[in-house]
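Structure data (compact mmCIF, C-alpha atoms) from structure-v3.txt:
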```txt
# COMPACT_ATOMS: atom_id res chain seq x y z
CA MET A 1 20.80 81.01 -89.98
CA PHE A 2 17.09 81.66 -90.64
CA LEU A 3 17.48 81.26 -94.43
CA ALA A 4 19.74 78.18 -94.16
CA THR A 5 17.42 76.52 -91.61
CA GLY A 6 14.30 77.31 -93.62
CA LEU A 7 15.80 75.89 -96.81
CA PHE A 8 16.88 72.72 -95.02
CA LEU A 9 13.45 72.20 -93.42
CA VAL A 10 11.64 72.73 -96.74
CA THR A 11 14.00 70.29 -98.48
CA LEU A 12 13.51 67.71 -95.72
CA LEU A 13 9.74 68.19 -95.83
CA PHE A 14 9.62 67.43 -99.57
CA ILE A 15 11.96 64.45 -99.11
CA ILE A 16 9.51 62.97 -96.59
CA TRP A 17 6.32 64.03 -98.37
CA GLN A 18 7.40 63.16 -101.94
CA PRO A 19 4.43 64.93 -103.61
CA LYS A 20 3.37 63.49 -106.98
CA GLY A 21 6.18 60.95 -106.87
CA LEU A 22 8.96 63.53 -106.52
CA GLN A 23 11.97 61.39 -105.67
CA ILE A 24 14.28 62.06 -102.74
CA GLY A 25 17.40 62.60 -104.87
CA THR A 26 15.66 65.10 -107.14
CA THR A 27 14.42 67.04 -104.11
CA ALA A 28 17.89 67.14 -102.55
CA VAL A 29 19.47 68.41 -105.78
CA ILE A 30 16.80 71.12 -106.12
CA GLY A 31 17.53 72.11 -102.52
CA ALA A 32 21.26 72.25 -103.27
CA ILE A 33 20.70 74.45 -106.35
CA ALA A 34 18.46 76.75 -104.28
CA ALA A 35 21.16 76.98 -101.59
CA LEU A 36 23.67 78.00 -104.25
CA LEU A 37 21.37 80.58 -105.87
CA LEU A 38 20.37 82.08 -102.51
CA GLY A 39 23.98 82.40 -101.43
CA VAL A 40 23.62 79.97 -98.52
CA VAL A 41 26.57 78.04 -99.98
CA SER A 42 29.23 78.95 -102.53
CA PHE A 43 30.82 77.01 -105.39
CA ASP A 44 33.85 76.51 -103.14
CA ASP A 45 31.53 74.92 -100.58
CA VAL A 46 30.19 72.56 -103.24
CA ILE A 47 33.77 71.51 -104.04
CA THR A 48 34.48 71.03 -100.32
CA VAL A 49 31.37 68.87 -99.88
CA THR A 50 32.27 66.84 -102.97
CA LYS A 51 35.72 66.17 -101.51
CA ILE A 52 34.08 64.94 -98.30
CA VAL A 53 31.47 62.63 -99.86
CA TRP A 54 32.91 61.42 -103.19
CA ASP A 55 34.59 58.30 -101.77
CA ALA A 56 31.54 57.35 -99.72
CA THR A 57 29.19 57.90 -102.65
CA LEU A 58 31.22 55.83 -105.13
CA ALA A 59 31.74 53.09 -102.53
CA PHE A 60 28.01 53.02 -101.86
CA ILE A 61 27.28 52.56 -105.58
CA GLY A 62 29.72 49.66 -105.66
CA ILE A 63 28.29 47.96 -102.58
CA ILE A 64 24.73 48.24 -103.91
CA LEU A 65 25.70 46.96 -107.38
CA LEU A 66 27.48 43.99 -105.79
CA SER A 67 24.43 43.31 -103.61
CA MET A 68 22.09 43.45 -106.62
CA VAL A 69 24.16 40.93 -108.58
CA LEU A 70 24.30 38.59 -105.59
CA ASP A 71 20.55 38.98 -105.20
CA GLU A 72 19.98 38.04 -108.86
CA ILE A 73 22.09 34.91 -108.33
CA GLY A 74 19.90 33.95 -105.35
CA PHE A 75 22.66 34.43 -102.77
CA PHE A 76 20.60 36.25 -100.14
CA GLU A 77 17.49 34.13 -100.64
CA TRP A 78 19.63 31.02 -100.14
CA ALA A 79 21.01 32.52 -96.91
CA ALA A 80 17.53 33.46 -95.63
CA ILE A 81 16.18 29.94 -96.22
CA LYS A 82 19.28 28.40 -94.63
CA MET A 83 18.77 30.47 -91.48
CA ALA A 84 15.05 29.66 -91.36
CA LYS A 85 15.69 25.92 -91.78
CA LEU A 86 18.42 26.08 -89.14
CA SER A 87 15.80 27.18 -86.61
CA GLY A 88 14.20 23.75 -86.78
CA GLY A 89 10.74 25.30 -86.71
CA SER A 90 11.28 27.30 -83.51
CA GLY A 91 9.87 30.80 -83.94
CA ASN A 92 12.21 32.26 -81.31
CA LYS A 93 15.28 30.71 -82.92
CA MET A 94 14.17 31.92 -86.33
CA PHE A 95 13.76 35.44 -84.93
CA VAL A 96 17.33 35.40 -83.59
CA TYR A 97 18.84 33.77 -86.68
CA ILE A 98 17.17 36.24 -89.04
CA LEU A 99 18.59 39.10 -86.97
CA LEU A 100 22.05 37.53 -87.13
CA LEU A 101 21.69 37.26 -90.90
CA GLY A 102 20.66 40.91 -91.05
CA ALA A 103 23.72 41.84 -89.00
CA VAL A 104 26.06 40.02 -91.40
CA VAL A 105 24.40 41.54 -94.47
CA ALA A 106 24.60 45.04 -92.94
CA ALA A 107 28.28 44.56 -92.09
CA PHE A 108 29.41 43.55 -95.57
CA PHE A 109 26.73 45.05 -97.84
CA ALA A 110 25.79 48.17 -95.84
CA ASN A 111 22.56 48.98 -94.06
CA ASP A 112 21.05 50.28 -97.29
CA GLY A 113 21.83 46.97 -98.99
CA ALA A 114 20.08 45.14 -96.16
CA ALA A 115 17.02 47.37 -96.57
CA LEU A 116 16.87 47.04 -100.35
CA ILE A 117 17.74 43.38 -100.74
CA LEU A 118 16.92 41.43 -97.58
CA THR A 119 13.59 43.06 -96.67
CA PRO A 120 11.57 41.84 -99.70
CA ILE A 121 13.08 38.36 -99.36
CA LEU A 122 12.08 38.12 -95.68
CA LEU A 123 8.60 39.44 -96.40
CA ALA A 124 8.08 36.92 -99.20
CA LYS A 125 9.26 34.01 -97.05
CA MET A 126 7.04 35.01 -94.09
CA LYS A 127 4.00 35.21 -96.35
CA TYR A 128 5.01 31.84 -97.80
CA LEU A 129 5.02 30.47 -94.25
CA LYS A 130 1.51 31.91 -93.77
CA MET A 131 2.50 34.02 -90.77
CA LYS A 132 -0.15 36.28 -89.26
CA PRO A 133 0.14 40.10 -89.42
CA LEU A 134 1.55 40.59 -85.90
CA PRO A 135 4.46 38.13 -86.33
CA ILE A 136 5.18 39.61 -89.78
CA PHE A 137 5.29 43.10 -88.24
CA ALA A 138 7.62 41.86 -85.48
CA PHE A 139 10.05 40.22 -87.91
CA LEU A 140 10.02 43.19 -90.32
CA MET A 141 10.56 45.80 -87.60
CA ALA A 142 13.34 43.76 -86.04
CA GLY A 143 14.96 43.18 -89.43
CA GLY A 144 14.78 46.88 -90.23
CA PHE A 145 16.29 47.79 -86.85
CA ILE A 146 19.24 45.40 -87.05
CA GLY A 147 20.16 46.76 -90.48
CA ASP A 148 21.21 50.05 -88.85
CA SER A 149 22.18 48.87 -85.37
CA ALA A 150 24.69 46.37 -86.82
CA SER A 151 26.08 48.72 -89.49
CA ASN A 152 29.07 49.77 -87.38
CA PRO A 153 31.84 47.14 -87.67
CA LEU A 154 33.49 48.05 -90.98
CA VAL A 155 34.07 51.27 -92.88
CA ILE A 156 31.89 49.90 -95.70
CA SER A 157 28.95 49.03 -93.42
CA ASN A 158 27.34 52.46 -93.63
CA LEU A 159 27.71 55.67 -95.64
CA THR A 160 28.20 57.53 -92.36
CA ASN A 161 31.18 55.29 -91.56
CA ILE A 162 32.83 55.97 -94.92
CA VAL A 163 32.29 59.72 -94.66
CA THR A 164 33.73 59.89 -91.14
CA ALA A 165 36.67 57.57 -91.87
CA GLY A 166 37.50 59.70 -94.90
CA TYR A 167 37.12 62.98 -93.02
CA PHE A 168 39.47 61.92 -90.19
CA ASN A 169 41.73 59.66 -92.32
CA ILE A 170 40.85 56.54 -90.31
CA GLY A 171 42.16 53.32 -91.87
CA PHE A 172 40.07 50.20 -92.55
CA VAL A 173 41.82 48.10 -89.86
CA GLU A 174 42.01 50.93 -87.32
CA TYR A 175 38.30 51.56 -87.71
CA ALA A 176 37.39 47.86 -87.35
CA ARG A 177 39.57 47.55 -84.25
CA HIS A 178 37.81 50.40 -82.47
CA MET A 179 34.30 49.34 -83.47
CA PHE A 180 34.49 45.58 -82.93
CA LEU A 181 33.31 45.59 -79.29
CA PRO A 182 30.69 48.38 -79.64
CA ASN A 183 29.17 46.63 -82.66
CA LEU A 184 29.17 43.25 -80.90
CA LEU A 185 27.41 44.81 -77.92
CA SER A 186 24.97 46.56 -80.27
CA ILE A 187 24.04 43.26 -81.94
CA ILE A 188 23.61 41.41 -78.63
CA ALA A 189 21.59 44.25 -77.13
CA SER A 190 19.46 44.62 -80.28
CA ILE A 191 18.53 40.94 -80.30
CA ALA A 192 17.77 40.92 -76.56
CA VAL A 193 15.72 44.13 -76.52
CA LEU A 194 13.84 43.32 -79.73
CA TRP A 195 13.05 39.79 -78.55
CA PHE A 196 11.80 41.11 -75.20
CA TYR A 197 9.65 43.74 -76.96
CA PHE A 198 8.13 41.34 -79.52
CA LYS A 199 8.15 38.06 -77.57
CA LYS A 200 4.34 37.90 -77.39
CA ASP A 201 4.07 38.21 -81.17
CA ILE A 202 6.72 35.64 -82.11
CA PRO A 203 5.10 32.27 -82.91
CA LEU A 204 6.38 29.32 -80.91
CA LYS A 205 6.38 27.05 -83.95
CA VAL A 206 6.82 27.71 -87.68
CA ASN A 207 6.41 25.05 -90.34
CA VAL A 208 9.74 25.51 -92.13
CA ASP A 209 9.05 22.39 -94.20
CA GLU A 210 6.87 24.65 -96.33
CA LEU A 211 10.00 26.43 -97.53
CA PRO A 212 11.87 25.15 -100.61
CA GLU A 213 15.35 23.70 -100.23
CA ALA A 214 18.00 26.42 -100.12
CA ALA A 215 19.87 25.01 -103.13
CA ALA A 216 16.70 25.25 -105.23
CA VAL A 217 16.67 29.08 -105.16
CA ILE A 218 20.19 29.45 -106.53
CA ARG A 219 19.82 30.70 -110.12
CA ASN A 220 23.42 30.26 -111.23
CA HIS A 221 25.49 27.69 -109.37
CA THR A 222 28.78 28.67 -111.02
CA MET A 223 28.42 32.29 -109.95
CA PHE A 224 27.23 31.22 -106.50
CA LYS A 225 30.46 29.28 -105.93
CA LEU A 226 32.55 32.11 -107.36
CA SER A 227 30.79 34.58 -105.06
CA TRP A 228 32.41 33.19 -101.93
CA PHE A 229 35.88 33.40 -103.42
CA PHE A 230 35.24 36.87 -104.80
CA LEU A 231 33.92 38.23 -101.48
CA ALA A 232 37.02 36.91 -99.69
CA LEU A 233 39.19 38.51 -102.37
CA LEU A 234 37.33 41.80 -102.00
CA LEU A 235 37.86 41.81 -98.23
CA ALA A 236 41.57 41.21 -98.84
CA GLY A 237 41.48 44.14 -101.26
CA TYR A 238 40.11 46.41 -98.55
CA LEU A 239 42.98 45.39 -96.26
CA ILE A 240 45.58 45.94 -99.01
CA GLY A 241 44.00 49.29 -99.82
CA ASP A 242 44.20 50.24 -96.16
CA HIS A 243 47.92 49.45 -96.09
CA TYR A 244 48.61 51.67 -99.11
CA LYS A 245 46.12 54.40 -98.07
CA LEU A 246 43.92 53.85 -101.14
CA PRO A 247 40.28 55.04 -101.20
CA VAL A 248 37.77 52.37 -100.20
CA SER A 249 35.69 53.14 -103.31
CA LEU A 250 38.52 51.85 -105.51
CA PHE A 251 37.80 48.34 -104.27
CA ALA A 252 34.08 48.65 -103.53
CA LEU A 253 33.13 50.08 -106.93
CA GLY A 254 35.99 48.51 -108.86
CA GLY A 255 35.26 45.10 -107.38
CA ALA A 256 31.54 45.45 -108.09
CA LEU A 257 32.18 46.26 -111.76
CA VAL A 258 34.52 43.27 -112.11
CA PHE A 259 31.93 41.03 -110.44
CA LEU A 260 29.22 42.43 -112.71
CA ALA A 261 31.38 41.63 -115.75
CA ILE A 262 31.96 38.06 -114.53
CA ALA A 263 28.23 37.62 -113.90
CA ALA A 264 27.48 38.89 -117.41
CA HIS A 265 29.99 36.40 -118.83
CA TYR A 266 28.20 33.53 -117.10
CA LYS A 267 24.81 34.98 -118.13
CA ALA A 268 23.79 35.40 -114.49
CA THR A 269 22.70 39.00 -115.02
CA LYS A 270 22.09 41.64 -117.65
CA PRO A 271 24.62 44.34 -116.70
CA LEU A 272 22.87 47.31 -118.29
CA MET A 273 19.58 46.43 -116.58
CA THR A 274 21.37 45.97 -113.25
CA ILE A 275 23.12 49.34 -113.53
CA LYS A 276 19.88 51.02 -114.59
CA ALA A 277 18.01 49.46 -111.64
CA ALA A 278 20.56 50.68 -109.08
CA PRO A 279 19.15 53.30 -106.68
CA TRP A 280 20.81 56.31 -108.31
CA GLN A 281 18.44 58.64 -106.48
CA VAL A 282 20.36 57.82 -103.31
CA VAL A 283 23.51 59.26 -104.89
CA TRP A 284 21.83 62.57 -105.71
CA PHE A 285 20.21 62.54 -102.28
CA SER A 286 23.58 62.15 -100.57
CA ILE A 287 25.37 64.92 -102.47
CA GLY A 288 22.41 67.32 -102.62
CA LEU A 289 21.48 67.09 -98.95
CA TYR A 290 25.09 67.51 -97.85
CA ILE A 291 25.29 70.75 -99.81
CA VAL A 292 22.07 72.03 -98.23
CA VAL A 293 23.38 71.12 -94.78
CA TYR A 294 26.69 72.82 -95.44
CA GLY A 295 24.64 76.02 -95.45
CA LEU A 296 23.76 75.30 -91.80
CA LYS A 297 27.46 74.94 -91.10
CA ASN A 298 28.11 78.32 -92.72
CA ALA A 299 25.36 79.82 -90.57
CA GLY A 300 27.13 78.69 -87.39
CA LEU A 301 25.41 75.43 -86.46
CA THR A 302 28.67 73.47 -86.21
CA ASP A 303 30.14 76.11 -83.89
CA GLU A 304 27.10 75.76 -81.65
CA VAL A 305 27.33 71.96 -81.64
CA ALA A 306 31.07 72.18 -80.92
CA SER A 307 30.30 74.28 -77.83
CA TRP A 308 27.88 71.60 -76.62
CA ILE A 309 30.54 68.92 -77.06
CA GLU A 310 33.04 71.08 -75.14
CA MET A 311 30.57 71.28 -72.24
CA LEU A 312 30.22 67.49 -72.27
CA LYS A 313 34.01 67.09 -72.25
CA HIS A 314 34.27 69.10 -69.03
CA GLN A 315 32.12 66.44 -67.32
CA GLY A 316 34.65 63.66 -67.94
CA GLU A 317 35.23 61.00 -70.61
CA THR A 318 32.21 58.83 -69.79
CA VAL A 319 29.76 61.73 -69.98
CA ALA A 320 31.48 63.06 -73.11
CA VAL A 321 31.27 59.74 -74.98
CA ILE A 322 27.70 58.90 -73.97
CA GLY A 323 26.56 62.51 -74.32
CA THR A 324 28.08 62.86 -77.81
CA GLY A 325 26.49 59.59 -78.91
CA PHE A 326 23.04 60.65 -77.73
CA LEU A 327 23.47 64.18 -79.10
CA SER A 328 24.23 62.68 -82.51
CA ALA A 329 21.29 60.29 -82.10
CA VAL A 330 18.76 63.00 -81.30
CA ILE A 331 19.91 65.27 -84.13
CA SER A 332 19.86 62.31 -86.55
CA SER A 333 16.34 61.32 -85.57
CA VAL A 334 15.12 64.85 -86.29
CA MET A 335 17.13 65.88 -89.36
CA ASN A 336 18.39 62.55 -90.80
CA ASN A 337 21.76 60.98 -90.08
CA MET A 338 23.35 61.91 -93.42
CA PRO A 339 23.56 65.64 -92.65
CA THR A 340 24.10 64.95 -88.95
CA ILE A 341 27.28 62.96 -89.46
CA MET A 342 28.92 65.82 -91.35
CA ILE A 343 27.82 68.49 -88.88
CA MET A 344 29.06 66.40 -85.95
CA ASP A 345 32.33 65.48 -87.70
CA ILE A 346 33.13 69.15 -88.32
CA ALA A 347 32.15 70.03 -84.74
CA ILE A 348 34.33 67.27 -83.25
CA ASP A 349 37.19 68.38 -85.47
CA LYS A 350 36.81 71.90 -84.01
CA VAL A 351 37.25 70.61 -80.45
CA GLY A 352 40.24 68.49 -81.51
CA TYR A 353 40.08 65.02 -83.06
CA ILE A 354 43.41 63.68 -81.74
CA SER A 355 42.49 64.18 -78.09
CA ASN A 356 38.86 63.16 -78.62
CA GLU A 357 39.13 60.03 -80.75
CA ALA A 358 36.42 58.17 -78.83
CA LEU A 359 33.95 60.96 -79.63
CA VAL A 360 34.33 60.26 -83.36
CA TYR A 361 33.20 56.67 -82.85
CA ALA A 362 30.46 57.76 -80.44
CA ASN A 363 29.20 60.05 -83.19
CA ILE A 364 29.09 57.14 -85.63
CA LEU A 365 27.17 54.96 -83.18
CA GLY A 366 24.74 57.78 -82.50
CA SER A 367 24.26 58.50 -86.21
CA ASN A 368 23.74 54.82 -87.03
CA LEU A 369 21.50 53.84 -84.11
CA GLY A 370 19.77 57.08 -83.18
CA PRO A 371 17.88 57.40 -86.48
CA LYS A 372 15.86 54.30 -85.61
CA MET A 373 13.75 56.45 -83.27
CA THR A 374 11.93 58.07 -86.21
CA PRO A 375 11.04 57.05 -89.78
CA ILE A 376 13.03 59.99 -91.23
CA GLY A 377 16.19 59.31 -89.25
CA SER A 378 18.15 57.36 -91.84
CA LEU A 379 18.19 56.79 -95.56
CA ALA A 380 18.06 53.03 -94.92
CA THR A 381 14.77 53.43 -93.05
CA LEU A 382 13.29 55.58 -95.83
CA LEU A 383 14.35 52.90 -98.35
CA TRP A 384 12.98 50.15 -96.08
CA LEU A 385 9.59 51.86 -95.81
CA HIS A 386 9.56 52.44 -99.58
CA VAL A 387 10.32 48.76 -100.30
CA LEU A 388 7.55 47.64 -97.92
CA ALA A 389 5.05 50.11 -99.41
CA GLN A 390 5.80 48.70 -102.88
CA LYS A 391 4.96 45.26 -101.49
CA GLY A 392 1.66 46.51 -100.03
CA VAL A 393 2.85 46.79 -96.42
CA LYS A 394 2.39 50.25 -94.92
CA ILE A 395 3.81 51.07 -91.51
CA GLY A 396 2.59 54.35 -90.02
CA TRP A 397 4.76 56.85 -88.19
CA GLY A 398 2.98 56.14 -84.91
CA GLU A 399 3.47 52.39 -85.27
CA TYR A 400 7.12 52.85 -86.12
CA MET A 401 7.99 55.36 -83.40
CA LYS A 402 6.21 53.31 -80.74
CA VAL A 403 8.89 50.67 -81.32
CA GLY A 404 11.82 52.93 -82.20
CA MET A 405 11.54 55.24 -79.19
CA VAL A 406 11.51 52.31 -76.77
CA VAL A 407 14.09 50.02 -78.36
CA THR A 408 16.76 52.47 -79.55
CA PRO A 409 17.98 54.24 -76.34
CA PRO A 410 19.00 51.12 -74.34
CA VAL A 411 20.74 49.56 -77.35
CA LEU A 412 22.64 52.79 -78.07
CA LEU A 413 23.69 53.15 -74.42
CA ILE A 414 25.06 49.58 -74.31
CA ALA A 415 26.92 50.08 -77.61
CA LEU A 416 28.49 53.35 -76.38
CA LEU A 417 29.74 51.62 -73.23
CA GLY A 418 31.93 49.53 -75.54
CA LEU A 419 33.99 52.64 -76.30
CA LEU A 420 34.93 53.26 -72.66
```
So that I can check it, write out the structure of this file as structure tokens.
Amino acid sequence: MFLATGLFLVTLLFIIWQPKGLQIGTTAVIGAIAALLLGVVSFDDVITVTKIVWDATLAFIGIILLSMVLDEIGFFEWAAIKMAKLSGGSGNKMFVYILLLGAVVAAFFANDGAALILTPILLAKMKYLKMKPLPIFAFLMAGGFIGDSASNPLVISNLTNIVTAGYFNIGFVEYARHMFLPNLLSIIASIAVLWFYFKKDIPLKVNVDELPEAAAVIRNHTMFKLSWFFLALLLAGYLIGDHYKLPVSLFALGGALVFLAIAAHYKATKPLMTIKAAPWQVVWFSIGLYIVVYGLKNAGLTDEVASWIEMLKHQGETVAVIGTGFLSAVISSVMNNMPTIMIMDIAIDKVGYISNEALVYANILGSNLGPKMTPIGSLATLLWLHVLAQKGVKIGWGEYMKVGMVVTPPVLLIALLGLL
């Protein structure tokens, strides 16, 4: 346990620190190789981890590629301007509408897609509107929060969802049915709590006339029109795939490659540049860190967590669901939600998935919402901070946690109540 824990902590430290530009995926892979060489994990463990994460990883690549092509077309910028114009110049309405947009983007393009694509667009538009630093901070923090808090409704909305659905063989429709109410409550609670927290910083009036017309930012009108049809077709594909028990990555990645080919045909994108620009480091991060964390499983961490869940179960369903959600949240906030979801999945499996189905969904809610308490809690937050830093906006740990620690617990509690 000492060796496995030490290796994980060192790997996590370098992921956060990133000395001399060392990227997160490279660090995770080095950690995985070290785990293998030190005997913390075996080659069989690597194969086991690969079986757990391959579908999620390939699906993630597809979702991000699709998001990048839509971004190049001007799809998300068009949506952001539409929502801003819809506010009619009311700062409070704009705040709510932008959060609703973030929720939709997170649902269909994953929380990481929201962080990578929507964040720079929102920042650019707020600077265009000549907003002061405090309102910009409020909108950015709220936008970053909703990306994770609303990433629960579909299997494709978060890597954690895909991993868990794959691990427990949960279908696309079955998953959506269980998570509809919790996600709806999470969105409503997020908007209410965030508005209450930032209400003093939200401007009463915003001159939206300064913004260009939404149609003016569309770079390829043919592809823009095709996008709506294609997204509907892709959603139908997910449903068909669910019926025939096909992996979600078949449609997420397959659909993205088809869409990329169509975009190349209409000269809306340069496919090789798009593929090259995709965040491949996230892929290596996902696989590498899971291997490192599997060493903790071998050292007995999952057995320990399983015993905690058993204790919660003895207190009744309500305590078990809420307790599991917050247990997952706390672990995620400390050691990142990517390793947490696997540790918790294995632990829940040990106590019996069939009789504890609600705990699986509580784990997902905890792993998706809990990480918002700290900057290292989720990959989406790390990406969000990286995107902002590239744009010259630096948010310190203290600044971030001051918001995250206050906003996250009530939203998570309300979302978990939707499972009861």
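Near region 324-329 of chain A, within 8 Å and counting all atoms listed in the file, sit Ile309, Leu312, Ala320, Val321, Ser332, Ser333, Thr340, Ile341, Met344, Leu359, Ala362, Asn363, Ile364, Leu365, Gly366, Ser367, Asn368, Leu369, Gly370, Pro371, Leu412 and Leu416 of chain A, not including residues fewer than 3 positions from it in the same chain.
A straight line drawn from CA of Thr222 (chain A) to CA of Ala79 (chain A) is 16.6 Å long.
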Exercise: region 208-221 of chain A partners within 8 Å, only C-alpha atoms, chain neighbours under 5 positions left out, as number ranges by chain: A: 72-75, 77-79, 81-82, 84-85, 88-89, 125, 128-129, 268
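Interatomic distance, CA of Val330 (chain A) against CA of Ala114 (chain A): 23.3 Å.
Considering only C-alpha atoms, the residue among A:Leu118, A:Ile275, A:Ala138, A:Val10 positioned nearest to Asp71 (chain A) is A:Leu118.
Counting only C-alpha atoms and comparing A:Ile322, A:Leu116, A:Val406, A:Ile376, the residue that lies closest to Leu13 (chain A) is A:Ile376.
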Counting only C-alpha atoms, the residue among A:Val403, A:Leu260, A:Leu296, A:Leu231 that lies closest to Ala4 (chain A) is A:Leu296
